[in-house]
$ cat entry.tsv   # TSV, C-alpha atoms and all ligand atoms
chain	number	residue	atom	x	y	z
A	1	MET	CA	50.31	-48.43	-69.89
A	2	ALA	CA	46.62	-47.94	-70.60
A	3	ARG	CA	45.84	-50.14	-67.64
A	4	ARG	CA	48.04	-48.08	-65.35
A	5	VAL	CA	46.36	-44.87	-66.50
A	6	GLY	CA	43.04	-46.58	-65.81
A	7	ILE	CA	44.07	-47.41	-62.24
A	8	VAL	CA	45.32	-43.86	-61.66
A	9	ALA	CA	42.02	-42.51	-62.93
A	10	VAL	CA	40.02	-44.82	-60.63
A	11	VAL	CA	42.16	-43.88	-57.62
A	12	ALA	CA	41.77	-40.19	-58.48
A	13	LEU	CA	38.01	-40.65	-58.73
A	14	LEU	CA	37.91	-42.39	-55.36
A	15	LEU	CA	40.06	-39.68	-53.74
A	16	ALA	CA	38.15	-36.74	-55.21
A	17	PRO	CA	35.28	-36.82	-52.70
A	18	LEU	CA	37.83	-37.07	-49.88
A	19	GLN	CA	39.72	-34.04	-51.16
A	20	MET	CA	36.47	-32.16	-51.55
A	21	ALA	CA	35.53	-33.07	-47.98
A	22	VAL	CA	38.86	-31.74	-46.68
A	23	ALA	CA	38.49	-28.57	-48.77
A	24	SER	CA	34.96	-27.94	-47.51
A	25	ALA	CA	36.02	-28.60	-43.89
A	26	ASP	CA	38.80	-26.03	-44.36
A	27	TYR	CA	36.20	-23.69	-45.78
A	28	ALA	CA	34.18	-24.14	-42.59
A	29	LEU	CA	37.27	-23.45	-40.45
A	30	ASP	CA	38.00	-20.32	-42.50
A	31	GLU	CA	34.46	-19.15	-41.83
A	32	TYR	CA	34.97	-19.58	-38.09
A	33	LEU	CA	38.27	-17.71	-38.41
A	34	GLN	CA	36.48	-14.87	-40.18
A	35	HIS	CA	33.99	-14.59	-37.29
A	36	ILE	CA	36.87	-14.56	-34.82
A	37	ALA	CA	38.68	-11.88	-36.87
A	38	ASP	CA	35.53	-9.73	-36.76
A	39	SER	CA	35.65	-9.80	-32.94
A	40	LEU	CA	39.33	-8.78	-32.75
A	41	PRO	CA	40.87	-5.28	-32.70
A	42	GLU	CA	41.41	-4.06	-36.27
A	43	LYS	CA	45.21	-4.27	-36.20
A	44	THR	CA	45.01	-7.85	-34.87
A	45	ALA	CA	42.52	-8.87	-37.57
A	46	GLU	CA	44.86	-7.28	-40.13
A	47	ALA	CA	47.81	-9.35	-38.84
A	48	LEU	CA	45.70	-12.53	-38.91
A	49	LYS	CA	44.99	-11.88	-42.58
A	50	GLN	CA	48.72	-11.87	-43.33
A	51	ILE	CA	49.29	-15.30	-41.80
A	52	HIS	CA	49.59	-18.06	-44.40
A	53	GLY	CA	47.22	-21.00	-44.43
A	54	THR	CA	44.38	-22.20	-42.22
A	55	PRO	CA	46.58	-24.18	-39.75
A	56	ARG	CA	48.86	-21.26	-38.86
A	57	ARG	CA	45.88	-18.87	-38.76
A	58	LEU	CA	44.15	-21.17	-36.26
A	59	LEU	CA	47.25	-21.17	-34.07
A	60	ALA	CA	47.51	-17.38	-34.10
A	61	ALA	CA	43.75	-16.94	-33.52
A	62	ARG	CA	44.04	-19.18	-30.46
A	63	ALA	CA	46.74	-16.91	-29.02
A	64	TYR	CA	44.68	-13.78	-29.75
A	65	LEU	CA	41.60	-15.25	-28.05
A	66	ARG	CA	43.66	-16.19	-25.01
A	67	ALA	CA	45.23	-12.72	-24.85
A	68	GLY	CA	41.72	-11.21	-24.68
A	69	ASP	CA	41.68	-7.67	-23.30
A	70	THR	CA	45.47	-7.50	-23.00
A	71	LEU	CA	45.91	-7.60	-26.81
A	72	ASP	CA	45.88	-3.84	-27.15
A	73	SER	CA	48.45	-3.04	-24.45
A	74	ARG	CA	50.75	-5.89	-25.53
A	75	TRP	CA	50.56	-5.19	-29.26
A	76	SER	CA	53.96	-4.93	-30.97
A	77	TRP	CA	55.34	-1.57	-31.98
A	78	THR	CA	55.32	-0.35	-35.53
A	79	THR	CA	58.63	0.63	-37.15
A	80	ASN	CA	57.87	4.30	-36.25
A	81	GLU	CA	57.18	3.46	-32.63
A	82	ILE	CA	60.41	1.46	-32.47
A	83	GLN	CA	62.36	4.45	-33.81
A	84	SER	CA	60.87	6.92	-31.32
A	85	HIS	CA	61.43	4.49	-28.45
A	86	ALA	CA	65.11	4.26	-29.47
A	87	ARG	CA	65.43	7.95	-28.52
A	88	SER	CA	63.74	7.59	-25.11
A	89	PRO	CA	65.25	7.51	-21.59
A	90	GLU	CA	63.64	4.06	-21.15
A	91	TYR	CA	65.72	2.72	-23.99
A	92	ARG	CA	68.91	4.21	-22.54
A	93	ALA	CA	68.05	2.54	-19.22
A	94	LEU	CA	67.62	-0.81	-20.99
A	95	LEU	CA	71.01	-0.43	-22.69
A	96	ALA	CA	72.65	0.48	-19.37
A	97	GLU	CA	71.09	-2.55	-17.71
A	98	THR	CA	72.30	-4.78	-20.56
A	99	ASP	CA	75.81	-3.33	-20.26
A	100	LYS	CA	75.81	-4.15	-16.55
A	101	VAL	CA	74.91	-7.80	-17.20
A	102	ARG	CA	77.47	-8.02	-20.02
A	103	ALA	CA	80.29	-6.58	-17.87
A	104	ARG	CA	79.44	-8.98	-15.07
A	105	PHE	CA	79.29	-11.97	-17.42
A	106	GLU	CA	82.60	-11.09	-19.04
A	107	SER	CA	84.39	-10.66	-15.71
A	108	GLN	CA	83.00	-14.00	-14.52
A	109	ASN	CA	83.91	-15.76	-17.80
A	110	PRO	CA	87.26	-14.41	-19.06
A	111	GLY	CA	87.74	-14.82	-22.82
A	112	TYR	CA	84.03	-14.88	-23.57
A	113	THR	CA	81.68	-12.05	-24.52
A	114	LEU	CA	77.96	-11.65	-24.16
A	115	TYR	CA	75.94	-10.32	-27.09
A	116	ALA	CA	72.50	-8.89	-26.42
A	117	ASN	CA	69.98	-8.21	-29.19
A	118	THR	CA	68.43	-4.93	-28.00
A	119	GLU	CA	66.35	-4.28	-31.11
A	120	ALA	CA	62.59	-4.56	-30.88
A	121	ARG	CA	61.16	-7.20	-33.23
A	122	SER	CA	58.72	-5.46	-35.52
A	123	LEU	CA	55.29	-6.88	-36.28
A	124	GLU	CA	56.35	-7.35	-39.91
A	125	LEU	CA	59.32	-9.52	-38.97
A	126	GLN	CA	57.20	-11.54	-36.52
A	127	ILE	CA	54.74	-12.32	-39.33
A	128	VAL	CA	57.51	-13.49	-41.68
A	129	ARG	CA	59.04	-15.71	-39.02
A	130	PHE	CA	55.68	-17.16	-37.94
A	131	ASN	CA	54.85	-17.97	-41.58
A	132	THR	CA	58.13	-19.77	-42.26
A	133	ASN	CA	59.15	-21.47	-39.00
A	134	PRO	CA	58.88	-25.28	-39.43
A	135	SER	CA	58.21	-25.96	-35.71
A	136	VAL	CA	55.34	-23.47	-35.76
A	137	GLY	CA	54.08	-25.35	-38.83
A	138	ARG	CA	54.12	-28.67	-36.94
A	139	VAL	CA	52.20	-27.31	-33.93
A	140	ALA	CA	49.73	-25.63	-36.31
A	141	ALA	CA	49.21	-28.90	-38.22
A	142	THR	CA	48.33	-30.70	-34.97
A	143	LEU	CA	45.83	-27.99	-34.06
A	144	HIS	CA	44.37	-28.09	-37.58
A	145	ARG	CA	43.78	-31.87	-37.40
A	146	GLN	CA	42.09	-31.56	-34.02
A	147	ALA	CA	40.00	-28.58	-35.17
A	148	LEU	CA	38.68	-30.67	-38.09
A	149	VAL	CA	37.70	-33.43	-35.65
A	150	GLU	CA	36.09	-30.85	-33.37
A	151	ILE	CA	33.81	-29.32	-36.02
A	152	ALA	CA	32.93	-32.74	-37.44
A	153	GLY	CA	31.27	-33.54	-34.09
A	154	ALA	CA	27.52	-34.02	-34.39
A	155	SER	CA	26.78	-31.32	-31.82
A	156	TYR	CA	27.95	-28.56	-34.18
A	157	ALA	CA	25.26	-29.45	-36.71
A	158	SER	CA	22.53	-28.87	-34.14
A	159	LEU	CA	23.75	-25.40	-33.10
A	160	ASP	CA	22.81	-22.09	-34.68
A	161	GLN	CA	25.70	-20.12	-36.13
A	162	ALA	CA	26.39	-17.86	-33.15
A	163	ALA	CA	26.43	-20.81	-30.76
A	164	ALA	CA	28.71	-22.80	-33.07
A	165	VAL	CA	31.15	-19.87	-33.33
A	166	GLY	CA	31.11	-19.50	-29.54
A	167	ARG	CA	31.79	-23.17	-29.10
A	168	PHE	CA	34.64	-23.15	-31.60
A	169	LYS	CA	36.22	-20.12	-29.90
A	170	GLN	CA	36.09	-22.01	-26.61
A	171	PHE	CA	37.71	-25.05	-28.24
A	172	LEU	CA	40.56	-22.88	-29.59
A	173	ALA	CA	41.13	-20.98	-26.35
A	174	ASP	CA	41.20	-24.24	-24.35
A	175	TRP	CA	43.46	-26.12	-26.78
A	176	ARG	CA	46.87	-27.07	-25.42
A	177	PRO	CA	49.76	-27.88	-27.80
A	178	PRO	CA	51.76	-31.07	-27.11
A	179	ALA	CA	54.81	-28.78	-26.95
A	180	ALA	CA	54.77	-24.98	-27.00
A	181	ALA	CA	55.47	-23.36	-30.38
A	182	PRO	CA	58.88	-21.64	-30.45
A	183	LEU	CA	57.39	-18.29	-31.53
A	184	ALA	CA	54.60	-16.17	-30.11
A	185	ALA	CA	51.75	-15.26	-32.45
A	186	PRO	CA	52.62	-12.13	-34.49
A	187	GLY	CA	51.90	-8.98	-32.52
A	188	ILE	CA	52.17	-10.45	-29.04
A	189	SER	CA	55.83	-11.44	-28.84
A	190	ARG	CA	57.46	-9.91	-25.76
A	191	HIS	CA	60.19	-8.80	-28.16
A	192	GLY	CA	57.67	-6.50	-29.89
A	193	GLN	CA	57.82	-3.96	-27.04
A	194	LEU	CA	61.36	-4.78	-25.91
A	195	ARG	CA	60.04	-6.61	-22.88
A	196	ALA	CA	62.33	-9.50	-23.80
A	197	ILE	CA	65.99	-9.70	-24.79
A	198	ASP	CA	67.84	-12.62	-26.37
A	199	PHE	CA	71.47	-13.15	-25.40
A	200	GLN	CA	74.23	-15.07	-27.18
A	201	ILE	CA	77.58	-16.33	-25.90
A	202	MET	CA	80.53	-15.37	-28.12
A	203	LYS	CA	84.24	-16.08	-28.19
A	204	GLY	CA	86.60	-14.09	-30.43
A	205	GLY	CA	83.75	-13.03	-32.72
A	206	ALA	CA	82.35	-16.58	-33.10
A	207	ILE	CA	79.03	-17.68	-31.63
A	208	VAL	CA	79.46	-20.31	-28.93
A	209	ALA	CA	75.80	-20.57	-27.89
A	210	ALA	CA	73.15	-19.21	-30.26
A	211	THR	CA	69.41	-18.59	-30.04
A	212	ASP	CA	68.52	-21.80	-31.86
A	213	THR	CA	65.70	-24.02	-30.69
A	214	GLY	CA	67.07	-27.51	-30.52
A	215	THR	CA	70.50	-26.47	-29.23
A	216	ALA	CA	69.38	-25.52	-25.73
A	217	GLU	CA	70.60	-28.68	-24.03
A	218	ARG	CA	73.70	-29.26	-26.12
A	219	ASN	CA	75.06	-25.70	-26.39
A	220	TRP	CA	73.63	-24.04	-23.28
A	221	ASP	CA	72.89	-26.49	-20.47
A	222	ALA	CA	75.71	-29.00	-20.98
A	223	PRO	CA	78.59	-26.47	-21.17
A	224	GLY	CA	77.06	-24.51	-18.24
A	225	TRP	CA	76.12	-21.29	-20.11
A	226	THR	CA	72.52	-21.37	-18.88
A	227	LYS	CA	73.67	-21.08	-15.25
A	228	LYS	CA	76.47	-18.63	-16.06
A	229	LEU	CA	74.09	-16.26	-17.81
A	230	GLN	CA	71.65	-16.56	-14.92
A	231	ALA	CA	74.44	-15.69	-12.50
A	232	ALA	CA	75.35	-12.60	-14.54
A	233	ALA	CA	71.70	-11.47	-14.72
A	234	GLN	CA	71.09	-11.88	-11.01
A	235	GLY	CA	70.04	-8.65	-9.31
A	236	SER	CA	69.25	-6.96	-12.64
A	237	ASN	CA	65.87	-6.10	-14.16
A	238	PHE	CA	66.05	-9.24	-16.30
A	239	ARG	CA	64.06	-12.32	-15.32
A	240	GLY	CA	64.56	-15.69	-16.90
A	241	PRO	CA	65.28	-17.70	-18.78
A	242	LEU	CA	62.03	-18.60	-20.55
A	243	GLN	CA	60.81	-22.08	-19.56
A	244	SER	CA	58.00	-22.76	-22.05
A	245	PRO	CA	59.19	-23.08	-24.73
A	246	TYR	CA	62.58	-23.63	-23.12
A	247	GLU	CA	64.94	-20.87	-24.31
A	248	PRO	CA	67.96	-20.36	-22.03
A	249	TRP	CA	68.86	-17.19	-24.01
A	250	HIS	CA	65.51	-15.40	-23.56
A	251	TYR	CA	65.07	-13.03	-20.62
A	252	GLU	CA	62.08	-10.87	-19.81
A	253	TYR	CA	62.79	-7.25	-19.00
A	254	ASP	CA	60.84	-5.17	-16.47
A	255	PRO	CA	61.79	-1.51	-16.78
A	301	ZN	ZN	63.39	-14.37	-27.24
$ encode --input "entry.tsv" --output "structure tokens" --more "lines below"
Ligand SMILES: [Zn+2]
Amino acid sequence: MARRVGIVAVVALLLAPLQMAVASADYALDEYLQHIADSLPEKTAEALKQIHGTPRRLLAARAYLRAGDTLDSRWSWTTNEIQSHARSPEYRALLAETDKVRARFESQNPGYTLYANTEARSLELQIVRFNTNPSVGRVAATLHRQALVEIAGASYASLDQAAAVGRFKQFLADWRPPAAAPLAAPGISRHGQLRAIDFQIMKGGAIVAATDTGTAERNWDAPGWTKKLQAAAQGSNFRGPLQSPYEPWHYEYDP
């Protein structure tokens, strides 16, 4: 028993410097993130603060850097803005357009109904989903690993702080995920200004094809719903479906 405790203690001692190295590298990444936050619009920096953990914050910061000057015009509505939009002629036009697609779909596919989620996705909800989605976590972990490798490069040590921050921003903006994350960074989802609508196929109150990543091939493509929804949306103000990430239920809306 004593011997086992001894081994555990030795292993812990050997691992301690490694853990400290990881912690201090994360500290360095958090410092870069703070510099990036300082260069962002206030509401974007505020959203970044509410994202959990360095990996997910890196992933969101990348999206904000890439959005650049369009951040402000694309920024998701607040709950108040969503409520006032719900009383606008634009919203009535969106509902009418959705009804048209639904009627067409239902006449082309007797027995089935088309459900459209016509609620804007608030910034708050986007943050919760981004913080808890496992696929977002996996993409963020990949970025995190590569960011640690990036800043460990010898060239960073030779740069002054401003140059190092600039270089790290470039690394983030240029980074490409192996597969696109299934959610946009909080604040820049097309759902945040109702520029995107998700559809579902229903039959007798039960969902036949849902908005679940991972079911696109099995529940949408194979039974033909992807093409049938496209056929119903043809000639409307909806464009889609989304190709990256592949979401046969997601259509962009141009008022
Ligand atoms: Zn969507």
$ closest_atom_pairs --input "entry.tsv" --of "chain A" --to "ligand ZN 301 (chain A)" --cutoff "8 Å" --atoms "all atoms listed in the file" --output "CSV"
residue,atom,partner,partner_atom,distance
A:Arg190,CA,A:ZN301,ZN,7.6
A:His191,CA,A:ZN301,ZN,6.5
A:Ala196,CA,A:ZN301,ZN,6.1
A:Ile197,CA,A:ZN301,ZN,5.9
A:Asp198,CA,A:ZN301,ZN,4.9
A:Thr211,CA,A:ZN301,ZN,7.9
A:Glu247,CA,A:ZN301,ZN,7.3
A:Trp249,CA,A:ZN301,ZN,7.0
A:His250,CA,A:ZN301,ZN,4.4
A:Tyr251,CA,A:ZN301,ZN,7.0
$ closest_atom_pairs --input "entry.tsv" --of "region 160-247 of chain A" --to "region 112-129 of chain A" --cutoff "7 Å" --atoms "all atoms listed in the file" --output "JSON lines"
{"residue": "A:Pro186", "atom": "CA", "partner": "A:Gln126", "partner_atom": "CA", "distance": 5.0}
{"residue": "A:Gly187", "atom": "CA", "partner": "A:Leu123", "partner_atom": "CA", "distance": 5.5}
{"residue": "A:His191", "atom": "CA", "partner": "A:Arg121", "partner_atom": "CA", "distance": 5.4}
{"residue": "A:Gly192", "atom": "CA", "partner": "A:Arg121", "partner_atom": "CA", "distance": 4.9}
{"residue": "A:Gln193", "atom": "CA", "partner": "A:Ala120", "partner_atom": "CA", "distance": 6.2}
{"residue": "A:Leu194", "atom": "CA", "partner": "A:Ala120", "partner_atom": "CA", "distance": 5.1}
{"residue": "A:Ile197", "atom": "CA", "partner": "A:Asn117", "partner_atom": "CA", "distance": 6.1}
{"residue": "A:Asp198", "atom": "CA", "partner": "A:Asn117", "partner_atom": "CA", "distance": 5.7}
{"residue": "A:Phe199", "atom": "CA", "partner": "A:Ala116", "partner_atom": "CA", "distance": 4.5}
{"residue": "A:Gln200", "atom": "CA", "partner": "A:Tyr115", "partner_atom": "CA", "distance": 5.0}
{"residue": "A:Ile201", "atom": "CA", "partner": "A:Leu114", "partner_atom": "CA", "distance": 5.0}
{"residue": "A:Met202", "atom": "CA", "partner": "A:Thr113", "partner_atom": "CA", "distance": 5.0}
{"residue": "A:Lys203", "atom": "CA", "partner": "A:Tyr112", "partner_atom": "CA", "distance": 4.8}
$ closest_atom_pairs --input "entry.tsv" --of "region 137-245 of chain A" --to "region 91-98 of chain A" --cutoff "9 Å" --atoms "all atoms listed in the file" --output "Markdown table"
| residue | atom | partner | partner_atom | distance |
| --- | --- | --- | --- | --- |
| A:Leu194 | CA | A:Tyr91 | CA | 8.9 |
| A:Ala233 | CA | A:Thr98 | CA | 8.9 |
| A:Ser236 | CA | A:Glu97 | CA | 7.0 |
| A:Asn237 | CA | A:Glu97 | CA | 7.2 |
| A:Phe238 | CA | A:Glu97 | CA | 8.5 |
$ closest_residue --input "entry.tsv" --among "A:Pro223, A:Gly111, A:Pro241, A:Pro55" --to "Gln146 (chain A)" --atoms "all atoms listed in the file"
A:Pro55
$ atom_distance --input "entry.tsv" --atom1 "CA of Arg167 (chain A)" --atom2 "CA of Gly53 (chain A)"
21.9 Å
$ residues_around --input "entry.tsv" --residues "region 34-50 of chain A" --least-positions-apart "5" --cutoff "8 Å" --atoms "only C-alpha atoms" --output "list in words"
Arg57, Ala60, Ala61, Tyr64, Asp72, Ile127, Val165, Lys169, Pro186 and Gly187 of chain A
$ atom_distance --input "entry.tsv" --atom1 "CA of Ala67 (chain A)" --atom2 "CA of Trp175 (chain A)"
13.7 Å
$ atom_distance --input "entry.tsv" --atom1 "CA of Gly205 (chain A)" --atom2 "CA of Gln83 (chain A)"
27.6 Å
$ closest_residue --input "entry.tsv" --among "A:Ser84, A:Ser189, A:Ser76, A:Thr213" --to "Asn133 (chain A)" --atoms "only C-alpha atoms"
A:Thr213
$ closest_residue --input "entry.tsv" --among "A:Ala164, A:Ala180, A:Ala86, A:Ala231" --to "Arg104 (chain A)" --atoms "all atoms listed in the file"
A:Ala231
$ closest_residue --input "entry.tsv" --among "A:Val101, A:Leu159, A:Ala181, A:Ser107" --to "Val139 (chain A)" --atoms "all atoms listed in the file"
A:Ala181
$ closest_residue --input "entry.tsv" --among "A:Tyr253, A:Ala232, A:Leu71, A:Leu58" --to "Leu148 (chain A)" --atoms "all atoms listed in the file"
A:Leu58
$ closest_residue --input "entry.tsv" --among "A:Ala222, A:Leu65, A:Ile207, A:Ala140" --to "Ile51 (chain A)" --atoms "all atoms listed in the file"
A:Ala140
